[in-house]
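**Q** Encoded as C-alpha cells, here's the structure I'll be asking about.
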Amino acid sequence: METDKRLVREIEHGKYLISSGAGEVWNWESPAGKLRWQRRVKMLSSILHEGDRILELGCGTGYFTRELAKLRVHVTAIDISPELIEVAKSEVKSENVSFEVQNAYEMTYGSNQFNAVIGSSVLHHLEIEKAVTEIFRVLKPGGMIAFTEPNMLNPQIALQKNIPWLKRKLGDSPDETAFFSWRIKKLLTRAGFISVQVMPFDFLHPSVPAKLINPVIGISKIAEKTPILKAIAGSLFIQAAKG
C-alpha cells in the first residue's frame with residue numbers, strides 16, 4: 001500500500017515539474033548547470049556500445065533521452081508519470097527511441113532483455129531494493145548499469161533531503177532521498193551485481209556565476225582526487241555489471 005502511495009506522489013510530482021519547468025527545478029539550465037549536465041551525459045554514455053538495447057529508467061521530459069537518440073543504440077525510455085512521458089515524446093522524435101509508462105518495480109519486460117540500464121538522478125526517487133531487484137531481472141547477463149545520484153555525505157544534499165520544508169522549497173518530491181556510497185555498493189552486491197563501483201564527483205554548484213566556472217572546475221578536479229574531501233562531493237557515479 002505504501003508503495004502505491006509513493007507512486008501516486010511521484011506522478012503528482014511529474015505534474016509539478018511540467019508546470020514549474022523541469023530543467024529549472026533540476027538545475028540544468030544555468031551556465032554551470034549545463035556543464036554539469038554535459039559531464040553526466042558523457043559518464044552515463046561511456047558504458048554503451050553500438051547496437052546495444054538500452055533501458056533508460058526515469059526518463060522524465062527526455063533530457064538524457066535526447067542525447068541517447070544521437071547514438072547507435074536502441075532506447076526504451078520509461079517513467080511512472082504519463083504527463084512527463086507525453087512531454088518527452090514531443091521533445092524526442094527518433095526511430096531508435098520508444099517511450100513507455102512503466103512501474104520500475106514491476107516492469108512488463110521479460111528477463112534478460114537489455115544490454116544496459118541507465119538513468120540520471122532517478123534511483124533516489126525509488127524504493128531502492130525493489131528497483132534494484134527488477135533492474136537485475138531485466139538486464140542481460142554481462143549487462144551494465146550506470147546511474148548518477150545525489151550523495152548523502154554532501155552537506156547541502158543531506159540538509160535538502162532530510163528537512164521537509166527545505167525539500168519542498170527546492171522542488172524535491174516528498175519521498176526522494178540520497179545515497180551513502182558504501183550502502184548503495186553493498187545493496188548492489190547483495191542483489192547479485194559484480195564489479196560495483198561508486199565514485200563521488202562534482203563540486204561545481206549550479207549557482208556558480210559564469211565568470212567563476214573555470215576556477216571552480218579547477219578546484220573541483222583537485223578536490224575529486226583528494227582523500228576524505230572527495231567523499232563529500234555532490235554526486236555519485238554508480239556502475240556495476242550483472243554476473
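Ordering of the C-alpha cells sets the chain letters (A, B, ...), residue numbers begin anew at 1 in every chain, and ligands are numbered from 1 in the order given.
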Please identify every residue of region 19-55 of chain A that has at least one atom no farther than 12 Å from an atom of region 232-243 of chain A, counting only C-alpha atoms, and for each give the shortest atom pair and the distance in Å to one decimal, arranged by chain then increasing number, as a Markdown table.

**A**
```
| residue | atom | partner | partner_atom | distance |
| --- | --- | --- | --- | --- |
| A:Arg36 | CA | A:Ser235 | CA | 10.5 |
| A:Trp37 | CA | A:Ser235 | CA | 11.9 |
| A:Arg39 | CA | A:Phe237 | CA | 11.0 |
| A:Arg40 | CA | A:Phe237 | CA | 8.7 |
| A:Val41 | CA | A:Phe237 | CA | 11.4 |
| A:Lys42 | CA | A:Phe237 | CA | 11.4 |
| A:Met43 | CA | A:Phe237 | CA | 7.9 |
| A:Leu44 | CA | A:Phe237 | CA | 8.4 |
| A:Ser45 | CA | A:Gln239 | CA | 11.5 |
| A:Ser46 | CA | A:Gln239 | CA | 10.5 |
| A:Ile47 | CA | A:Gln239 | CA | 8.7 |
| A:Leu48 | CA | A:Gln239 | CA | 12.0 |
```

**Q** Mind dumping the selected residues with C-alpha atoms as an mmCIF file, in the first residue's frame?

**A**
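What follows is the written file part.cif:
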```
data_model
loop_
_atom_site.group_PDB
_atom_site.id
_atom_site.type_symbol
_atom_site.label_atom_id
_atom_site.label_comp_id
_atom_site.auth_asym_id
_atom_site.auth_seq_id
_atom_site.Cartn_x
_atom_site.Cartn_y
_atom_site.Cartn_z
ATOM 1 C CA ARG A 36 27.259 19.586 -15.016
ATOM 2 C CA TRP A 37 24.666 18.004 -17.302
ATOM 3 C CA ARG A 39 29.511 15.768 -17.855
ATOM 4 C CA ARG A 40 26.792 13.365 -16.726
ATOM 5 C CA VAL A 41 25.868 12.592 -20.319
ATOM 6 C CA LYS A 42 29.468 11.582 -21.050
ATOM 7 C CA MET A 43 29.732 9.473 -17.897
ATOM 8 C CA LEU A 44 26.477 7.606 -18.422
ATOM 9 C CA SER A 45 27.084 7.069 -22.135
ATOM 10 C CA SER A 46 30.576 5.674 -21.507
ATOM 11 C CA ILE A 47 29.274 2.144 -20.842
ATOM 12 C CA LEU A 48 27.265 1.915 -24.096
#
```

**Q** Could you build a table of the residues in region 115-162 of chain A lying no more than 10 Å from region 68-81 of chain A, giving for each the nearest pair of atoms and their separation in Å rounded to one decimal place, using only C-alpha atoms, ordered by chain and ascending residue number, as JSON lines?

**A**
```
{"residue": "A:Asn115", "atom": "CA", "partner": "A:His74", "partner_atom": "CA", "distance": 9.9}
{"residue": "A:Ala116", "atom": "CA", "partner": "A:Val75", "partner_atom": "CA", "distance": 9.7}
{"residue": "A:Val117", "atom": "CA", "partner": "A:Thr76", "partner_atom": "CA", "distance": 9.6}
{"residue": "A:Ile118", "atom": "CA", "partner": "A:Ala77", "partner_atom": "CA", "distance": 9.7}
{"residue": "A:Gly119", "atom": "CA", "partner": "A:Ala77", "partner_atom": "CA", "distance": 9.5}
{"residue": "A:Val122", "atom": "CA", "partner": "A:Asp79", "partner_atom": "CA", "distance": 9.6}
```

**Q** Which one of A:Asn151, A:Gln102, A:Ser220, A:Gln113 sits closest to Leu57 (chain A) if you count only C-alpha atoms?

**A**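 Ranking A:Asn151, A:Gln102, A:Ser220, A:Gln113 by distance to Leu57 (chain A), first place goes to A:Gln102.
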
**Q** Near region 207-219 of chain A, within 9 Å and counting only C-alpha atoms, which residues show up once chain neighbours fewer than 5 positions away are dropped, as JSON, numbers by chain?

**A** {"A": [27, 30, 31, 32, 33, 202, 224]}

**Q** Rounded to one decimal place, report the CA of Pro206 (chain A)-CA of Trp28 (chain A) distance in Å.

**A** 7.5 Å

**Q** Between CA of Gly110 (chain A) and CA of Glu176 (chain A), what distance in Å does the model show, to one decimal?

**A**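 Those two atoms sit 27.7 Å apart.
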
**Q** Compile the contact shell of Val25 (chain A) as an mmCIF file with C-alpha atoms, in the first residue's frame: residues with an atom at most 10 Å away, counting only C-alpha atoms, same-chain residues fewer than 5 positions apart removed.

**A**
```cif
data_model
loop_
_atom_site.group_PDB
_atom_site.id
_atom_site.type_symbol
_atom_site.label_atom_id
_atom_site.label_comp_id
_atom_site.auth_asym_id
_atom_site.auth_seq_id
_atom_site.Cartn_x
_atom_site.Cartn_y
_atom_site.Cartn_z
ATOM 1 C CA TYR A 16 4.654 19.862 -10.727
ATOM 2 C CA LEU A 17 7.803 19.542 -12.846
ATOM 3 C CA ILE A 18 5.895 20.337 -16.013
ATOM 4 C CA SER A 20 7.339 24.724 -12.906
ATOM 5 C CA LEU A 170 13.836 23.300 -3.556
ATOM 6 C CA GLY A 171 11.301 21.352 -5.597
ATOM 7 C CA ASP A 172 12.020 17.801 -4.432
#
```

**Q** What parts of region 150-219 of chain A does DSSP call alpha helix (DSSP H)? I'd like the answer as a PyMOL selection string.

**A** chain A and resi 155-162+164-169+181-191+213-219

**Q** Looking at A:Pro164, A:Glu56, A:Leu159, A:Pro82, which one is nearest to Ile135 (chain A), with distances taken over only C-alpha atoms?

**A**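 With only C-alpha atoms as the atom set, the closest residue is A:Glu56.
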
**Q** Distance CA of Arg53 (chain A)-CA of His13 (chain A), one decimal place?

**A**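 It comes out at 28.6 Å.
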
**Q** What parts of region 25-206 of chain A does DSSP call strand (DSSP E)? I'd like the answer as a PyMOL selection string.

**A** chain A and resi 53-57+74-79+97-101+114-120+139-150+193-201

**Q** A:Trp165, A:Glu129, A:Gly142, A:Gln156: which is nearest Ile184 (chain A), counting only C-alpha atoms?

**A**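 Of all the options, A:Glu129 lies closest to Ile184 (chain A).
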